[in-house]
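S.K.: Next up, model.cif (mmCIF, C-alpha atoms).
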```cif
data_run
loop_
_atom_site.label_atom_id
_atom_site.label_comp_id
_atom_site.auth_asym_id
_atom_site.auth_seq_id
_atom_site.Cartn_x
_atom_site.Cartn_y
_atom_site.Cartn_z
CA MET A 1 182.58 173.50 77.46
CA ILE A 2 181.06 176.08 75.13
CA LYS A 3 180.92 179.37 77.09
CA ASN A 4 180.10 177.77 80.46
CA THR A 5 178.54 174.49 81.49
CA ILE A 6 175.99 174.44 84.29
CA ALA A 7 178.68 173.07 86.57
CA ALA A 8 178.54 176.43 88.34
CA LEU A 9 174.77 175.89 88.15
CA ALA A 10 173.08 178.79 89.90
CA LEU A 11 175.48 181.44 88.61
CA ALA A 12 176.35 180.10 85.17
CA ALA A 13 174.40 182.63 83.14
CA THR A 14 175.59 185.65 85.07
CA LEU A 15 179.21 184.58 85.41
CA ALA A 16 179.34 184.36 81.62
CA GLN A 17 178.65 188.09 81.56
CA GLY A 18 181.33 188.91 84.12
CA ALA A 19 179.15 189.31 87.22
CA LEU A 20 180.49 188.76 90.71
CA ALA A 21 178.54 187.15 93.53
CA ALA A 22 178.48 187.76 97.27
CA THR A 23 177.64 184.97 99.71
CA VAL A 24 175.35 186.56 102.29
CA TYR A 25 174.49 183.35 104.15
CA ASP A 26 176.37 180.08 104.55
CA LYS A 27 175.47 177.87 107.51
CA ASP A 28 174.50 174.27 108.18
CA GLY A 29 174.68 173.23 104.54
CA THR A 30 172.63 176.15 103.22
CA SER A 31 174.06 179.06 101.24
CA LEU A 32 172.59 182.17 99.62
CA ASP A 33 174.34 184.33 97.02
CA ILE A 34 173.33 187.75 95.68
CA PHE A 35 174.56 189.12 92.37
CA GLY A 36 173.62 191.72 89.79
CA ARG A 37 174.67 194.60 87.59
CA VAL A 38 173.83 198.19 86.66
CA GLN A 39 174.41 199.65 83.18
CA ALA A 40 174.30 203.21 81.86
CA MET A 41 174.66 203.54 78.08
CA GLY A 42 174.41 206.01 75.27
CA LEU A 43 172.45 204.45 72.40
CA SER A 44 172.25 205.47 68.77
CA LYS A 45 168.80 206.10 67.31
CA HIS A 46 168.34 202.58 65.94
CA ALA A 47 169.78 200.91 69.05
CA SER A 48 167.33 202.96 71.11
CA ALA A 49 164.42 201.94 68.89
CA TRP A 50 165.41 198.26 69.04
CA HIS A 51 165.43 198.29 72.84
CA ARG A 52 162.38 200.55 73.17
CA SER A 53 164.09 203.30 75.14
CA ALA A 54 161.29 204.65 77.35
CA SER A 55 162.74 208.17 77.39
CA THR A 56 162.52 208.68 73.62
CA GLY A 57 160.20 205.99 72.29
CA GLY A 58 163.06 205.00 70.01
CA GLN A 59 162.85 208.26 68.05
CA GLY A 60 166.46 209.38 68.54
CA ASN A 61 169.73 208.98 70.41
CA SER A 62 169.17 208.18 74.07
CA ILE A 63 170.73 207.48 77.45
CA HIS A 64 169.58 204.05 78.57
CA THR A 65 169.78 202.51 82.04
CA ASP A 66 169.43 198.87 82.91
CA GLY A 67 169.66 196.89 86.13
CA ARG A 68 169.64 193.24 87.13
CA LEU A 69 169.41 191.63 90.55
CA GLY A 70 169.65 187.93 91.28
CA ILE A 71 169.74 185.39 94.08
CA ALA A 72 170.97 181.80 94.09
CA ALA A 73 170.37 179.32 96.90
CA ARG A 74 171.63 175.84 97.68
CA SER A 75 170.75 173.55 100.58
CA SER A 76 171.88 170.01 101.34
CA ILE A 77 168.93 167.62 101.80
CA ALA A 78 170.73 164.28 101.63
CA ASP A 79 174.12 162.79 100.85
CA GLN A 80 175.08 164.05 97.36
CA VAL A 81 171.66 165.66 96.90
CA ASP A 82 171.08 169.43 97.12
CA ALA A 83 168.01 171.58 96.66
CA VAL A 84 168.88 174.53 94.40
CA ALA A 85 167.09 177.64 93.18
CA MET A 86 167.88 180.77 91.22
CA ALA A 87 166.03 183.95 90.31
CA GLU A 88 167.25 186.98 88.39
CA TRP A 89 165.17 190.05 87.62
CA GLU A 90 165.80 192.75 85.06
CA MET A 91 164.66 196.22 86.01
CA ASP A 92 162.46 197.83 83.36
CA ARG A 93 164.39 200.33 81.28
CA ASP A 94 164.54 203.87 82.68
CA GLY A 95 162.67 202.76 85.79
CA ASN A 96 159.25 202.26 84.20
CA GLY A 97 157.04 199.28 84.96
CA SER A 98 157.73 196.19 87.04
CA PRO A 99 160.86 194.02 87.13
CA ARG A 100 160.92 191.21 84.58
CA ALA A 101 162.16 187.75 85.54
CA ARG A 102 164.99 186.51 83.30
CA TYR A 103 165.65 183.36 85.33
CA MET A 104 163.39 181.77 87.93
CA TRP A 105 163.70 178.09 88.67
CA ALA A 106 164.00 175.55 91.46
CA GLY A 107 165.25 171.98 91.38
CA ILE A 108 167.41 169.16 92.63
CA ASP A 109 171.15 168.79 92.08
CA GLY A 110 172.07 165.11 92.15
CA PHE A 111 175.76 165.82 91.40
CA ARG A 112 176.96 162.80 89.38
CA TYR A 113 173.34 162.02 88.43
CA GLY A 114 172.73 165.47 86.99
CA THR A 115 170.53 168.43 87.85
CA LEU A 116 166.79 168.78 87.30
CA MET A 117 165.28 172.30 87.21
CA LEU A 118 161.71 173.55 86.80
CA GLY A 119 160.81 177.09 85.74
CA LYS A 120 162.24 179.79 83.49
CA GLY A 121 165.75 179.45 82.11
CA ASP A 122 167.86 178.61 79.08
CA GLY A 123 166.58 175.83 76.86
CA ALA A 124 168.96 173.02 75.95
CA TYR A 125 169.59 174.54 72.52
CA TYR A 126 171.28 177.56 74.11
CA THR A 127 174.36 175.31 74.26
CA ILE A 128 174.54 175.98 70.51
CA ALA A 129 173.00 179.45 70.22
CA GLY A 130 175.01 180.79 73.17
CA ALA A 131 178.36 179.82 71.71
CA THR A 132 178.54 183.17 69.87
CA ASP A 133 176.71 185.23 72.52
CA VAL A 134 179.78 187.15 73.74
CA PHE A 135 178.87 190.85 73.58
CA THR A 136 177.75 193.05 76.46
CA PHE A 137 174.84 194.75 74.67
CA ILE A 138 174.74 193.55 71.05
CA GLU A 139 172.46 190.57 70.45
CA SER A 140 172.19 188.24 67.48
CA ARG A 141 169.77 189.31 64.75
CA SER A 142 170.72 186.38 62.54
CA ASN A 143 169.85 183.35 64.69
CA ASP A 144 166.17 182.47 64.30
CA TYR A 145 166.28 180.58 67.62
CA PHE A 146 165.86 183.94 69.39
CA CYS A 147 162.70 184.96 67.49
CA MET A 148 160.63 184.15 70.60
CA GLY A 149 163.05 185.63 73.09
CA ASP A 150 165.94 184.26 75.09
CA GLN A 151 165.19 182.52 78.39
CA LEU A 152 161.97 180.48 78.12
CA PRO A 153 159.32 180.08 80.87
CA GLY A 154 157.50 176.94 81.95
CA GLN A 155 160.33 174.51 81.27
CA VAL A 156 161.63 171.23 82.63
CA MET A 157 165.44 171.37 82.30
CA TYR A 158 168.00 168.65 82.92
CA THR A 159 171.79 168.80 82.69
CA LEU A 160 174.51 166.21 83.26
CA SER A 161 178.23 167.00 83.03
CA SER A 162 181.02 164.45 83.38
CA LEU A 163 184.50 163.75 81.98
CA GLY A 164 184.42 166.57 79.44
CA TRP A 165 180.89 165.78 78.23
CA ASP A 166 177.84 167.97 78.79
CA LEU A 167 174.27 166.76 78.12
CA ARG A 168 171.27 169.09 78.30
CA LEU A 169 167.59 168.32 77.81
CA SER A 170 164.60 170.67 78.08
CA PHE A 171 160.84 170.39 77.67
CA GLN A 172 158.66 173.44 77.03
CA THR A 173 155.09 173.44 78.36
CA ALA A 174 152.26 175.43 76.76
CA LYS A 175 152.63 179.20 76.94
CA ASN A 176 150.69 182.11 75.44
CA SER A 177 152.47 185.30 74.33
CA LEU A 178 155.84 183.68 74.88
CA ASN A 179 158.27 186.23 76.35
CA ASP A 180 155.79 189.02 75.59
CA THR A 181 155.91 188.26 71.84
CA PRO A 182 152.72 187.61 69.82
CA TYR A 183 153.65 183.93 69.51
CA SER A 184 152.39 180.99 71.55
CA VAL A 185 153.47 177.37 71.85
CA ARG A 186 151.63 174.17 72.72
CA HIS A 187 154.81 172.39 73.68
CA GLY A 188 158.44 171.99 72.68
CA PHE A 189 161.66 170.21 73.50
CA GLY A 190 165.38 170.66 73.09
CA ALA A 191 168.46 168.46 73.34
CA ALA A 192 172.15 169.28 73.09
CA ILE A 193 175.42 167.51 73.73
CA SER A 194 178.89 168.97 73.79
CA ALA A 195 182.29 167.36 74.20
CA ARG A 196 185.83 168.52 74.65
CA LEU A 197 187.69 167.14 71.63
CA ALA A 198 191.17 168.37 72.54
CA HIS A 199 192.83 170.99 74.69
CA ASP A 200 190.35 173.92 74.84
CA VAL A 201 188.47 172.71 71.71
CA THR A 202 184.78 171.92 72.14
CA PHE A 203 182.14 170.68 69.70
CA ALA A 204 178.40 170.86 70.35
CA TYR A 205 175.34 169.66 68.46
CA GLY A 206 171.68 170.22 69.26
CA ILE A 207 168.05 170.32 68.18
CA ASN A 208 165.13 172.48 69.25
CA TYR A 209 161.45 171.86 68.40
CA GLN A 210 158.34 173.97 69.03
CA SER A 211 154.67 173.27 68.32
CA LEU A 212 153.09 176.66 67.53
CA ALA A 213 149.63 177.95 68.43
CA TYR A 214 147.66 180.87 66.97
CA PRO A 215 144.60 182.81 68.12
CA SER A 216 141.55 182.32 65.92
CA GLY A 217 141.81 184.42 62.74
CA SER A 218 145.41 185.41 63.43
CA THR A 219 147.93 186.06 60.64
CA LEU A 220 150.96 186.17 62.91
CA VAL A 221 152.87 184.22 60.28
CA ASP A 222 153.39 187.68 58.71
CA TYR A 223 155.97 188.39 61.36
CA LEU A 224 157.37 184.94 61.94
CA THR A 225 158.55 183.69 58.55
CA PRO A 226 159.48 184.81 55.01
CA LEU A 227 156.08 183.56 53.78
CA TYR A 228 155.14 187.24 53.72
CA ALA A 229 157.27 187.60 50.58
CA ARG A 230 154.87 185.27 48.77
CA ALA A 231 151.70 186.70 50.27
CA ARG A 232 152.39 190.35 49.43
CA ARG A 233 152.22 189.59 45.71
CA LEU A 234 148.53 188.81 46.21
CA GLY A 235 145.65 191.17 46.88
CA THR A 236 144.82 192.08 50.46
CA GLU A 237 142.09 189.48 50.96
CA GLU A 238 143.97 186.81 49.01
CA ALA A 239 147.10 187.45 51.08
CA ARG A 240 145.16 187.22 54.33
CA SER A 241 143.56 183.95 53.23
CA PHE A 242 146.93 182.57 52.09
CA LEU A 243 148.65 183.41 55.37
CA SER A 244 145.79 182.08 57.47
CA GLY A 245 145.93 178.78 55.59
CA HIS A 246 149.70 178.48 55.79
CA GLN A 247 150.40 179.26 59.42
CA PRO A 248 153.17 176.81 60.40
CA ARG A 249 152.15 174.51 63.22
CA HIS A 250 155.69 173.53 64.05
CA ARG A 251 159.27 174.73 63.68
CA TYR A 252 162.62 173.22 64.60
CA ASP A 253 166.27 174.24 64.71
CA LEU A 254 169.27 172.01 64.02
CA GLY A 255 172.70 173.40 64.79
CA ALA A 256 176.33 172.81 65.62
CA ALA A 257 179.06 174.95 67.17
CA LEU A 258 182.82 174.59 67.37
CA SER A 259 184.79 176.67 69.86
CA TYR A 260 188.30 177.20 71.13
CA GLY A 261 189.22 178.60 74.51
CA VAL A 262 187.18 179.89 77.45
CA LEU A 263 185.27 183.15 77.23
CA GLY A 264 186.88 185.80 79.43
CA ASP A 265 190.27 184.06 79.60
CA GLY A 266 192.58 185.00 76.72
CA LEU A 267 191.54 183.90 73.24
CA TYR A 268 188.05 182.60 72.58
CA VAL A 269 186.85 181.72 69.05
CA SER A 270 183.55 180.13 68.06
CA LEU A 271 181.83 179.12 64.82
CA LEU A 272 178.09 178.37 64.62
CA TYR A 273 175.88 176.88 61.94
CA SER A 274 172.15 176.25 62.21
CA ALA A 275 169.16 175.52 59.99
CA THR A 276 165.59 176.45 60.91
CA VAL A 277 162.61 174.67 59.35
CA TYR A 278 159.01 175.94 59.42
CA GLN A 279 156.02 173.99 58.20
CA HIS A 280 154.83 175.37 54.81
CA LEU A 281 158.09 177.24 54.21
CA PRO A 282 159.66 176.04 50.94
CA HIS A 283 163.25 176.74 52.04
CA LYS A 284 165.26 176.44 55.25
CA ILE A 285 166.48 179.52 57.10
CA TYR A 286 170.25 179.20 57.52
CA THR A 287 172.38 180.96 60.13
CA TYR A 288 176.16 181.37 60.01
CA GLU A 289 177.92 183.10 62.91
CA ALA A 290 181.55 183.53 63.93
CA VAL A 291 183.07 185.42 66.86
CA ALA A 292 186.54 186.05 68.24
CA SER A 293 187.30 187.53 71.65
CA TYR A 294 190.58 188.26 73.38
CA ASP A 295 190.96 189.35 77.00
CA PHE A 296 194.29 190.87 78.01
CA ASP A 297 195.71 190.73 81.55
CA CYS A 298 195.68 194.54 81.72
CA GLY A 299 191.87 194.58 81.62
CA LEU A 300 191.46 195.36 77.93
CA GLY A 301 189.18 193.17 75.83
CA LEU A 302 188.48 193.06 72.10
CA LYS A 303 185.58 191.33 70.35
CA ALA A 304 184.55 190.88 66.73
CA GLY A 305 181.99 188.77 64.98
CA THR A 306 179.71 188.34 62.01
CA GLY A 307 176.19 187.00 61.66
CA ILE A 308 174.48 186.00 58.42
CA GLN A 309 170.96 184.68 57.91
CA THR A 310 169.94 183.43 54.47
CA TYR A 311 166.73 182.22 52.88
CA GLY A 312 166.43 180.85 49.37
CA GLY A 313 169.99 181.95 48.61
CA SER A 314 169.41 185.60 49.63
CA ARG A 315 170.58 187.36 52.79
CA ILE A 316 167.92 188.46 55.24
CA VAL A 317 170.54 189.56 57.80
CA SER A 318 174.21 190.37 57.32
CA ASP A 319 175.89 191.97 60.34
CA LEU A 320 179.41 192.86 61.42
CA ASP A 321 179.74 193.11 65.22
CA LEU A 322 182.60 194.93 66.94
CA GLY A 323 183.33 195.58 70.60
CA ILE A 324 185.99 196.91 72.96
CA TYR A 325 185.99 197.15 76.74
CA TYR A 326 188.31 198.06 79.57
CA ARG A 327 188.00 196.95 83.18
CA LEU A 328 188.92 199.62 85.73
CA GLY A 329 188.62 197.01 88.46
CA PRO A 330 186.86 193.74 89.22
CA CYS A 331 183.45 195.45 89.20
CA LEU A 332 183.54 198.37 86.72
CA LYS A 333 183.76 197.96 82.95
CA LEU A 334 183.68 200.59 80.19
CA PHE A 335 182.63 199.36 76.77
CA ALA A 336 181.70 200.36 73.23
CA GLU A 337 179.99 198.13 70.67
CA ALA A 338 178.65 198.40 67.13
CA GLN A 339 176.46 196.22 64.93
CA VAL A 340 176.99 197.27 61.33
CA ASP A 341 174.59 196.19 58.60
CA LEU A 342 176.36 194.84 55.50
CA HIS A 343 173.78 195.46 52.78
CA SER A 344 171.17 192.92 53.89
CA HIS A 345 167.65 192.93 52.41
CA PRO A 346 165.11 191.90 55.10
CA GLU A 347 162.35 193.97 53.48
CA ARG A 348 162.23 191.51 50.57
CA PHE A 349 161.07 188.69 52.84
CA LEU A 350 159.62 189.95 56.14
CA HIS A 351 156.65 192.05 57.14
CA PRO A 352 157.58 195.73 57.67
CA SER A 353 156.60 195.47 61.34
CA ALA A 354 159.07 192.64 61.84
CA VAL A 355 161.82 194.59 60.10
CA LYS A 356 161.13 197.69 62.20
CA SER A 357 160.78 195.94 65.56
CA ARG A 358 164.20 194.27 65.19
CA GLN A 359 165.76 197.23 63.36
CA LEU A 360 166.91 194.87 60.60
CA GLY A 361 168.99 196.52 57.91
CA GLU A 362 170.10 199.29 60.30
CA SER A 363 173.41 199.83 62.11
CA LEU A 364 173.47 200.11 65.92
CA TYR A 365 176.01 201.81 68.21
CA VAL A 366 176.39 201.90 72.00
CA VAL A 367 178.88 203.32 74.52
CA GLY A 368 178.43 202.56 78.18
CA ALA A 369 179.60 201.59 81.65
CA GLU A 370 178.68 198.49 83.64
CA TYR A 371 179.03 197.90 87.37
CA SER A 372 178.73 194.23 88.40
CA PHE A 373 178.43 192.80 91.89
#
```
Using structure tokens, write down the structure from this file.

M.R.:
Amino acid sequence: MIKNTIAALALAATLAQGALAATVYDKDGTSLDIFGRVQAMGLSKHASAWHRSASTGGQGNSIHTDGRLGIAARSSIADQVDAVAMAEWEMDRDGNGSPRARYMWAGIDGFRYGTLMLGKGDGAYYTIAGATDVFTFIESRSNDYFCMGDQLPGQVMYTLSSLGWDLRLSFQTAKNSLNDTPYSVRHGFGAAISARLAHDVTFAYGINYQSLAYPSGSTLVDYLTPLYARARRLGTEEARSFLSGHQPRHRYDLGAALSYGVLGDGLYVSLLYSATVYQHLPHKIYTYEAVASYDFDCGLGLKAGTGIQTYGGSRIVSDLDLGIYYRLGPCLKLFAEAQVDLHSHPERFLHPSAVKSRQLGESLYVVGAEYSF
């Protein structure tokens, strides 16, 4: 399936990034695995600013450290029925603050009847959005699906895999300040289905919907959509009134992805197309992404990709992504990645704060080492 199905369930997200797992308990039908990683990286000024390097405040080149620790548990409770749970925490950069949960869910694995999970994890639409998520550090700036973060809290998630088909459904409950962004949702849902069409060729299609909520008097639409391009032509009070009256109450993504191969095993190629619709926005936001990755038996890996986001025929984002890594063993990986801006013009459409926070229109560079366990 695209990247990985949830057949591996508790470790799917981390195995996609090359992590290993150690079984620390396995007795009487109950098992417990521990996994994680530690990264040390040199970041360029704009990469540092994008990831809020605590040591520099994003004002210059920086050494950045990052750590993750996770546990996955499984226990048999009946014939062909297991209780499952997973939690993964990300240590705050440079050791400041408290760990942040990336994944935290519990559920029931009914094997041939599918798996039901409750908590924080990947929404169903990640089947599409994750098809081009192949880099160690570089993240997509072109896919609007990630505007509210990656893993989503407060979800009901269901997956069923059988005979080359993979079905995923998710329901998002109400959340304020979703993933520490200014945005809130009343509810949402996602659905995706993928199928193996031929040897190592997979096609996936999905939809994601969110009902948005705003604090009283908020003009958060400044940061969320290209409506700012229309509002800034007005006076200050007129612009504020316009934005307040045009805050979109819903958004949805429609997308498809076509892939060849398995990530981490030889050649992997993926193409992604998606369209994002906001209420009150006169045009759709389109995303086009393509990636290619090749892993050699000697431990060398090469990655390349491009991401383009357009609105009204103009490019908001246009990136070229490049990466190289070398594995010194099963646990240690050295890597270098770059995200090069190709003359995009986000300032024509988005609020300056949105452009700055995502470092749109800037090129990012990173060199680092990763130890996985």

S.K.: When the PyMOL selection byres ((chain A and resi 33) around 10) is applied to the structure above, which residues does it catch, written out as a ChimeraX atom specification?

M.R.: /A:10-11,20-26,31-32,34-35,70-74,86

S.K.: Given the point (172.5, 193.7, 53.6) in the coordinates of this file, which residues lie within 10 Å, counting only C-alpha atoms, and how would they look as an MDAnalysis selection string?

M.R.: chainID A and resid 308 314:319 340:346 360:362

S.K.: For the residues in the current selection, export C-alpha atoms as a compact mmCIF listing (two decimals), in the coordinates of the input.

M.R.:
```txt
# COMPACT_ATOMS: atom_id res chain seq x y z
CA ILE A 308 174.48 186.00 58.42
CA SER A 314 169.41 185.60 49.63
CA ARG A 315 170.58 187.36 52.79
CA ILE A 316 167.92 188.46 55.24
CA VAL A 317 170.54 189.56 57.80
CA SER A 318 174.21 190.37 57.32
CA ASP A 319 175.89 191.97 60.34
CA VAL A 340 176.99 197.27 61.33
CA ASP A 341 174.59 196.19 58.60
CA LEU A 342 176.36 194.84 55.50
CA HIS A 343 173.78 195.46 52.78
CA SER A 344 171.17 192.92 53.89
CA HIS A 345 167.65 192.93 52.41
CA PRO A 346 165.11 191.90 55.10
CA LEU A 360 166.91 194.87 60.60
CA GLY A 361 168.99 196.52 57.91
CA GLU A 362 170.10 199.29 60.30
```

S.K.: Check the smallest atom-to-atom distance from each of A:Val269, A:Ala204, A:Met41, A:Glu88 to Thr65 of chain A using all atoms listed in the file, then report the winner.

M.R.: A:Met41

S.K.: Which segment 187-305 of chain A residues have any atom within 7 Å of an atom of segment 168-177 of chain A, and for each, what is the nearest pair of atoms with distance in Å to one decimal, counting only C-alpha atoms, rows sorted by chain and number, as a Markdown table?

M.R.:
```
| residue | atom | partner | partner_atom | distance |
| --- | --- | --- | --- | --- |
| A:His187 | CA | A:Thr173 | CA | 4.8 |
| A:Gly188 | CA | A:Gln172 | CA | 4.6 |
| A:Phe189 | CA | A:Phe171 | CA | 4.3 |
| A:Gly190 | CA | A:Ser170 | CA | 5.1 |
| A:Ala191 | CA | A:Leu169 | CA | 4.6 |
| A:Ala192 | CA | A:Arg168 | CA | 5.3 |
| A:Ile193 | CA | A:Arg168 | CA | 6.4 |
```

S.K.: Just give me the gap between atom CA of Gly255 of chain A and atom CA of Val366 of chain A in Å, one decimal is fine.

M.R.: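 Pair atom CA of Gly255 of chain A / atom CA of Val366 of chain A returns 29.6 Å.
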
S.K.: For the structure shown, which residues end up in the PyMOL selection byres ((chain A and resi 238-248) around 8)? Put them as a ChimeraX atom specification, please?

M.R.: /A:212,217-222,227-228,231-237,249-251,278-281

S.K.: Show which residues sit within 6 Å of Glu289 of chain A, as a tab-separated table (two decimals) with C-alpha atoms, keeping the file's coordinate frame. Count only C-alpha atoms, and ignore same-chain residues fewer than 6 positions away.

M.R.:
```
chain	number	residue	atom	x	y	z
A	271	LEU	CA	181.83	179.12	64.82
A	272	LEU	CA	178.09	178.37	64.62
A	306	THR	CA	179.71	188.34	62.01
A	307	GLY	CA	176.19	187.00	61.66
```

S.K.: Expand the PyMOL selection byres ((chain A and resi 137) around 9) into the explicit residue set it covers here, and present it as an MDAnalysis selection string.

M.R.: chainID A and resid 135:136 138:139 336:337 366

S.K.: May I ask for the distance between atom CA of Gly130 of chain A and atom CA of Ser75 of chain A, given in Å to one decimal place?

M.R.: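 Computing the Euclidean distance for atom CA of Gly130 of chain A and atom CA of Ser75 of chain A yields 28.7 Å.
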
S.K.: Excluding Met91 of chain A and any residue of its chain fewer than 2 positions from it, enumerate the residues within 6 Å of it, using only C-alpha atoms, and give them as number ranges by chain.

M.R.: A: 67-68, 99

S.K.: Could you tell me how far atom CA of Arg327 of chain A lies from atom CA of Ala304 of chain A, in Å and to one decimal?

M.R.: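 Result for atom CA of Arg327 of chain A versus atom CA of Ala304 of chain A: 17.9 Å, one decimal.
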
S.K.: Restricting the calculation to all atoms listed in the file, which member of A:Ile63, A:Ala106, A:Ala257, A:Leu328 is positioned closest to Leu43 of chain A?

M.R.: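 Answer, going by the shortest atom-to-atom distance: A:Ile63.
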
S.K.: I'd like the neighbourhood of Asp253 of chain A as a PyMOL selection string, where a residue qualifies if any of its atoms comes within 7 Å (using only C-alpha atoms), though same-chain residues fewer than 5 positions away should be ignored.

M.R.: chain A and resi 145+207-209+274-277

S.K.: Determine the nearest neighbour of Asp144 of chain A from the options A:Pro330, A:Gly305, A:Gly368, A:Pro226, counting only C-alpha atoms.

M.R.: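 For Asp144 of chain A, the nearest of the candidates is A:Pro226.
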
S.K.: Take the point (195.1, 197.2, 82.1) as written in the file and pick out every residue within 12 Å of it, counting all atoms listed in the file; give the list as a count of residues only.

M.R.: 14
